[in-house]
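Below is one structure, written out as structure tokens; the observations come after it.
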Amino acid sequence: MVEEFVNHGDEVTVLAPGNEKSGVFMENCIPVLRVQTLPIKNVPNYLKGISNVLLPYQFERALNKFYKGKSFDLIISPTPPITLVDLAAKLKRKFGAKFYLILRDIFPQNAVDLGFMKKEGLIHRYFSRKERKLYKEADYIGCMSQGNIDYVMKHNPEVSTKKLHELKNYQKPYKGFGSDPDLIKKKYGITDKFVVVFGGNMGKPQQLENVLTLAESVLHFPDIVFLLLGEGVQMNKIEAEARAKELTNINIQRTIPKQEYQDLLSVCDVGLISLHKDFTIPNIPSKALDYFNVGIPVLASLDRATDFGKILDEEQCGLWSYAGDHQLFHENLLKLYQSPDLTSTMGQNGNTYFKRCLTPEIAYNTILKYLN
């Protein structure tokens, strides 16, 4: 999205967390103010909470140090984290700017759903105030799907419906692959295999125990393998459970370089989505973008709140079941495994959907339409 704004001639200032001393760094020919913060990813939830609470103060201090005297017309902030609303509101008033919110995670309800936070407890009340302020301060709110719009309207009736509109997830189209398909298959031991891939965070929201159950159910198919790529607080736990169950059809790899990840996805057969059954908010998993981008179908295990399954049905780009319905999850996998034509067609449909709806250019034009 940043690159899209720059390509259209806009002057963009980027603030983002960093691990080293704060400073301005050139990334893809774009200046990025990296702000030294506490660890945010792959850390215990209490530390992540503290980090997010401190974030707006750290960002403001760095902004005043490196961009003192600079003014802004537009502030764009995604969720998470919602705590950046304090900085956004301050800048909005200081410069008379517009504030555009890209609503991804609906927090703190997602934390309540997963048992990370007690509803109506002290911490929940604190973050709920931040959430209400976020919706109030935002001039425009881009939601991932109609289900997200409906959820915000139902639980926050004070929010003007004029602010809310659909802004689908987006990703740059892949411009070709850098590795020979046969070589990358050989490297990961998936030559002549039907590869079911999961890429991304491995945490409680993904409830990967459902994937282990699925893998166990097809152990007697020697050519079906599961490739799990990424990081996360539950990665070691999932690895240990796979070993305990003697799931020889599961291969877990840590994060690999982006280009290699794209190349690897392109030689897989099916992309996995797994969402926790207890979610009451309509998640639209961003990892599906990778699968659509390379043209492989989605096999999904979903909670009952999301409308992602409806999207898969309408675009005919994947099969889904509710989390916990192990039988249908199993049947959907075998349907794709035993029907190469169906797998290919759904993969092509996903790629068509991606090009039609899910690129940064489309998202940029959506934002500009509302700003204008």
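By convention in this document, the chains of the structure tokens carry letters A, B, ... by their order, each chain's residues are numbered from 1, and ligands are numbered from 1 in the order they are shown.
Excluding Ile281 in chain A and any residue on its chain fewer than 2 positions from it, the residues at most 10 Å away by only C-alpha atoms are Asp105, Ile106, Phe107, Gln109, Asn110, Asp113, Gly147, Asn148, Tyr151, Val152, Asp278, Phe279, Asn283, Ile284, Asp303, Arg304, Ala305, Thr306 and Asp307 of chain A.
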Using DSSP assignments from the backbone, pull out every residue in range 114-165 of chain A that falls under strand (DSSP E or B) and give it to me as JSON, numbers by chain. {"A": [140, 141, 142, 143, 164, 165]}
Can you check which parts of range 185-220 of chain A lie within 9 Å of range 257-267 of chain A? Per residue, the shortest pair of atoms and distance in Å to one decimal, counting only C-alpha atoms, sorted by chain and number, as CSV.
```
residue,atom,partner,partner_atom,distance
A:Lys185,CA,A:Val267,CA,7.2
A:Tyr188,CA,A:Leu264,CA,8.6
A:Val195,CA,A:Val267,CA,8.2
A:Val197,CA,A:Leu265,CA,7.3
A:Gly199,CA,A:Tyr261,CA,8.6
```
Shell around Phe226 in chain A at 12 Å using only C-alpha atoms, local window under 6 positions removed, as JSON, numbers by chain: {"A": [188, 189, 190, 193, 194, 195, 196, 197, 198, 199, 208, 211, 212, 213, 214, 215, 216, 218, 219, 242, 247, 248, 249, 250, 251, 252, 253, 268, 269, 270, 271, 272, 333]}
Write the residues of the preceding selection, restricted to N, CA and C atoms, as a tab-separated table (two decimals), in the first residue's frame.
```tsv
chain	number	residue	atom	x	y	z
A	188	TYR	N	12.75	-29.63	-0.50
A	188	TYR	CA	11.83	-29.81	0.62
A	188	TYR	C	11.24	-31.22	0.68
A	189	GLY	N	11.78	-32.11	-0.15
A	189	GLY	CA	11.37	-33.51	-0.09
A	189	GLY	C	9.92	-33.74	-0.47
A	190	ILE	N	9.43	-32.99	-1.46
A	190	ILE	CA	8.02	-33.11	-1.84
A	190	ILE	C	7.85	-33.52	-3.31
A	193	LYS	N	4.69	-35.65	-4.61
A	193	LYS	CA	3.79	-35.63	-3.46
A	193	LYS	C	2.62	-34.68	-3.72
A	194	PHE	N	1.50	-34.96	-3.06
A	194	PHE	CA	0.37	-34.04	-3.03
A	194	PHE	C	0.55	-33.20	-1.77
A	195	VAL	N	0.90	-31.93	-1.97
A	195	VAL	CA	1.37	-31.10	-0.85
A	195	VAL	C	0.27	-30.17	-0.36
A	196	VAL	N	-0.05	-30.31	0.92
A	196	VAL	CA	-1.00	-29.42	1.59
A	196	VAL	C	-0.17	-28.48	2.45
A	197	VAL	N	-0.18	-27.19	2.13
A	197	VAL	CA	0.73	-26.24	2.77
A	197	VAL	C	-0.03	-25.29	3.68
A	198	PHE	N	0.60	-24.97	4.82
A	198	PHE	CA	0.12	-23.94	5.73
A	198	PHE	C	1.25	-22.95	5.91
A	199	GLY	N	0.99	-21.68	5.63
A	199	GLY	CA	2.04	-20.66	5.79
A	199	GLY	C	1.58	-19.54	6.69
A	208	LEU	N	-4.15	-25.26	15.29
A	208	LEU	CA	-3.53	-26.23	14.37
A	208	LEU	C	-3.71	-27.67	14.81
A	211	VAL	N	-5.45	-29.44	12.20
A	211	VAL	CA	-4.61	-29.86	11.07
A	211	VAL	C	-3.91	-31.18	11.41
A	212	LEU	N	-3.49	-31.33	12.67
A	212	LEU	CA	-2.85	-32.59	13.08
A	212	LEU	C	-3.85	-33.74	12.96
A	213	THR	N	-5.09	-33.49	13.36
A	213	THR	CA	-6.13	-34.52	13.24
A	213	THR	C	-6.35	-34.89	11.77
A	214	LEU	N	-6.36	-33.88	10.92
A	214	LEU	CA	-6.53	-34.13	9.48
A	214	LEU	C	-5.37	-34.95	8.94
A	215	ALA	N	-4.15	-34.60	9.32
A	215	ALA	CA	-2.97	-35.34	8.85
A	215	ALA	C	-3.02	-36.79	9.32
A	216	GLU	N	-3.45	-36.99	10.55
A	216	GLU	CA	-3.55	-38.34	11.09
A	216	GLU	C	-4.57	-39.18	10.31
A	218	VAL	N	-5.17	-39.17	7.20
A	218	VAL	CA	-4.75	-39.58	5.85
A	218	VAL	C	-3.34	-40.18	5.86
A	219	LEU	N	-2.93	-40.67	7.01
A	219	LEU	CA	-1.60	-41.29	7.09
A	219	LEU	C	-1.46	-42.46	6.12
A	242	ALA	N	3.01	-33.54	16.97
A	242	ALA	CA	3.18	-34.30	15.71
A	242	ALA	C	4.12	-35.48	15.92
A	247	LEU	N	3.31	-38.56	13.32
A	247	LEU	CA	2.76	-38.07	12.05
A	247	LEU	C	3.91	-37.81	11.08
A	248	THR	N	4.30	-38.85	10.41
A	248	THR	CA	5.44	-38.78	9.48
A	248	THR	C	5.10	-37.99	8.22
A	249	ASN	N	3.84	-37.66	8.04
A	249	ASN	CA	3.44	-36.88	6.85
A	249	ASN	C	3.43	-35.38	7.10
A	250	ILE	N	3.96	-34.94	8.24
A	250	ILE	CA	4.04	-33.51	8.55
A	250	ILE	C	5.48	-33.05	8.57
A	251	ASN	N	5.74	-31.96	7.85
A	251	ASN	CA	7.07	-31.34	7.80
A	251	ASN	C	6.91	-29.89	8.24
A	252	ILE	N	7.53	-29.52	9.36
A	252	ILE	CA	7.42	-28.16	9.89
A	252	ILE	C	8.73	-27.41	9.65
A	253	GLN	N	8.63	-26.26	9.00
A	253	GLN	CA	9.79	-25.43	8.68
A	253	GLN	C	9.59	-24.04	9.26
A	268	CYS	N	3.04	-26.28	-4.52
A	268	CYS	CA	2.15	-27.03	-3.63
A	268	CYS	C	0.78	-27.20	-4.31
A	269	ASP	N	-0.06	-28.03	-3.74
A	269	ASP	CA	-1.34	-28.34	-4.36
A	269	ASP	C	-2.52	-27.65	-3.70
A	270	VAL	N	-2.47	-27.49	-2.38
A	270	VAL	CA	-3.60	-26.95	-1.63
A	270	VAL	C	-3.05	-26.05	-0.52
A	271	GLY	N	-3.73	-24.92	-0.27
A	271	GLY	CA	-3.36	-24.02	0.81
A	271	GLY	C	-4.31	-24.16	1.98
A	272	LEU	N	-3.77	-24.35	3.18
A	272	LEU	CA	-4.58	-24.57	4.38
A	272	LEU	C	-4.90	-23.27	5.10
A	333	LEU	N	-10.57	-32.59	1.83
A	333	LEU	CA	-9.19	-32.84	1.39
A	333	LEU	C	-9.16	-33.93	0.32
```
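When CA of Ser286 in chain A is paired with CA of Lys163 in chain A, their separation reads 22.8 Å.
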I'd like to know which of A:Pro297, A:Gly324, A:Pro56, A:Gly176 is closest to Tyr337 in chain A, using only C-alpha atoms.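 Of the candidates, the smallest distance to Tyr337 in chain A is held by A:Pro297.
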Using only C-alpha atoms, which residues of range 320-370 of chain A come within 12 Å of range 61-85 of chain A, and what is the closest atom pair for each, with the distance in Å to one decimal? Give it as CSV, sorted by chain and residue number.
```
residue,atom,partner,partner_atom,distance
A:Tyr364,CA,A:Ile76,CA,11.6
A:Ile367,CA,A:Ile76,CA,10.0
A:Leu368,CA,A:Leu74,CA,10.9
```
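Among A:Arg125, A:Asp223, A:Ser217, A:Lys136, the residue with the shortest atom-to-atom distance to Asp192 in chain A, counting only C-alpha atoms, is A:Asp223.
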What is the CA of Pro108 in chain A-CA of Ile123 in chain A distance in Å, reported with one decimal? 9.3 Å
